[in-house]
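Shown next, in structure tokens, is the structure this report addresses.
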Amino acid sequence: MSELWDAYDSKFNKIENVTLVRGEAVPENMYHLVSEIIVKHTDGTYLLMQRDHAKHFGGMWELTAGGSALKGETAEECAIRELREETGIEAADLREISRIVHDVHRTLYVEYLCVTDWDKDAVTLQEGETVAYKWAEKQDILEMDETTLASSRSAALLKNAKL
């Protein structure tokens, strides 16, 4: 069964009666919604996850959990689900920190920060998505380069949002 998404305009408004299908081209002037979550532990460290080697950017570290919002799902509902699926963490405190329109990929990103006191040894990885995790200091993440960190956008958020 194909994954179905709602269609949005560039202002994050849902377009009624239009359904997008993963793997099919997103039509001109339409976008699909993606939620990404930066996880910060109450001790000040951030969760990094290593991408599965079979995925795009395989073996690289990423600062966010996340994925596409399913049909009928809000950005926040998507963030809560993706965080649970990819890390096992139940979001108690999500704060929206940014919205980004990516015209090339026809994607709307809603970025969240999750501050948690989750047991740092109790992170669970989603098979096929990630192969390892570690908790890192902000400065260590900011010093990672594009051969190590999968998304410079996430590092820029970390730096500019003063998280």
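Identifiers in this document derive from the order of the structure tokens: chains are assigned A, B, ..., residues are numbered from 1 separately in each chain, and ligands are numbered from 1 in order of occurrence.
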
Phe57 in chain A environment, 12 Å, only C-alpha atoms, sequence neighbours closer than 3 positions dropped, as a list of chain:residue names: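 The residues that qualify are A:Gln50, A:Arg51, A:Asp52, A:His53, A:Ala54, A:Met60, A:Trp61, A:Glu62, A:Glu129, A:Thr130, A:Glu146, A:Thr147, A:Thr148, A:Leu149, A:Ala150, A:Ser151.
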
Expected file contents, prior selection, C-alpha atoms, as a compact mmCIF listing (two decimals), in the first residue's frame:
# COMPACT_ATOMS: atom_id res chain seq x y z
CA GLN A 50 23.68 7.40 12.34
CA ARG A 51 21.78 6.74 9.12
CA ASP A 52 21.47 3.18 7.85
CA HIS A 53 24.24 2.52 5.32
CA ALA A 54 21.69 1.53 2.64
CA MET A 60 26.36 9.90 8.19
CA TRP A 61 25.10 11.35 11.44
CA GLU A 62 21.92 13.39 11.62
CA GLU A 129 16.49 3.97 9.25
CA THR A 130 19.35 4.20 11.74
CA GLU A 146 29.49 17.90 5.51
CA THR A 147 31.19 14.51 5.23
CA THR A 148 30.01 13.58 8.73
CA LEU A 149 26.76 15.44 9.38
CA ALA A 150 23.93 14.66 6.95
CA SER A 151 22.20 18.04 7.07

For Ala79 in chain A: contacts at 10 Å, only C-alpha atoms, fewer than 4 positions along chain excluded, given as a PyMOL selection string: chain A and resi 34-37+65-69+73-75+83-85+91+94+110-114

Take the residues that were just selected and, keeping N, CA and C atoms, output them as a compact mmCIF listing (two decimals), in the first residue's frame.
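See out_35.txt below for the written result:
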# COMPACT_ATOMS: atom_id res chain seq x y z
N VAL A 34 6.83 17.77 5.96
CA VAL A 34 7.79 16.94 6.69
C VAL A 34 8.05 17.59 8.05
N SER A 35 8.06 16.78 9.09
CA SER A 35 8.42 17.26 10.43
C SER A 35 9.78 16.70 10.80
N GLU A 36 10.62 17.55 11.38
CA GLU A 36 11.94 17.14 11.86
C GLU A 36 12.08 17.60 13.31
N ILE A 37 12.70 16.75 14.12
CA ILE A 37 12.79 17.02 15.54
C ILE A 37 14.24 16.93 16.00
N ALA A 65 15.33 13.54 14.04
CA ALA A 65 14.44 12.44 13.69
C ALA A 65 13.35 13.09 12.85
N GLY A 66 12.67 12.34 12.03
CA GLY A 66 11.57 12.96 11.31
C GLY A 66 11.20 12.24 10.04
N GLY A 67 10.18 12.79 9.38
CA GLY A 67 9.70 12.20 8.14
C GLY A 67 8.44 12.89 7.67
N SER A 68 7.87 12.33 6.64
CA SER A 68 6.69 12.92 6.00
C SER A 68 5.43 12.72 6.82
N ALA A 69 4.61 13.77 6.84
CA ALA A 69 3.31 13.68 7.50
C ALA A 69 2.38 12.84 6.65
N GLU A 73 -2.64 13.95 9.01
CA GLU A 73 -1.79 14.20 10.16
C GLU A 73 -1.31 15.65 10.16
N THR A 74 -1.32 16.29 11.33
CA THR A 74 -0.74 17.63 11.45
C THR A 74 0.77 17.49 11.57
N ALA A 75 1.47 18.61 11.44
CA ALA A 75 2.93 18.60 11.58
C ALA A 75 3.33 18.11 12.97
N LEU A 83 9.20 10.73 16.02
CA LEU A 83 10.14 10.67 17.14
C LEU A 83 10.02 9.34 17.87
N ARG A 84 8.78 8.90 18.10
CA ARG A 84 8.55 7.61 18.78
C ARG A 84 9.07 6.45 17.91
N GLU A 85 8.76 6.47 16.60
CA GLU A 85 9.18 5.39 15.71
C GLU A 85 10.70 5.30 15.59
N ALA A 91 7.48 12.22 23.17
CA ALA A 91 7.66 13.67 23.26
C ALA A 91 6.78 14.25 24.37
N LEU A 94 7.44 19.56 22.97
CA LEU A 94 7.82 19.92 21.60
C LEU A 94 7.59 21.40 21.41
N VAL A 110 8.74 21.54 8.93
CA VAL A 110 8.43 22.15 10.22
C VAL A 110 9.42 21.52 11.19
N GLU A 111 10.27 22.39 11.76
CA GLU A 111 11.34 21.94 12.65
C GLU A 111 10.91 22.13 14.10
N TYR A 112 11.15 21.12 14.92
CA TYR A 112 10.79 21.15 16.33
C TYR A 112 12.02 20.89 17.20
N LEU A 113 11.93 21.36 18.42
CA LEU A 113 12.89 21.01 19.46
C LEU A 113 12.12 20.22 20.52
N CYS A 114 12.67 19.08 20.90
CA CYS A 114 12.12 18.28 21.99
C CYS A 114 13.14 18.26 23.12

Backbone-only DSSP, strand (DSSP E or B) members of range 56-163 of chain A, as a count of residues only: 34

Close residues, range 46-48 of chain A itself excluded, 6 Å, only C-alpha atoms, min 4 positions apart in chain, as a PyMOL selection string: chain A and resi 39-40+62-63+133-136

Gap from CA of Thr19 in chain A to CA of Thr107 in chain A - Å, one decimal: 14.5 Å
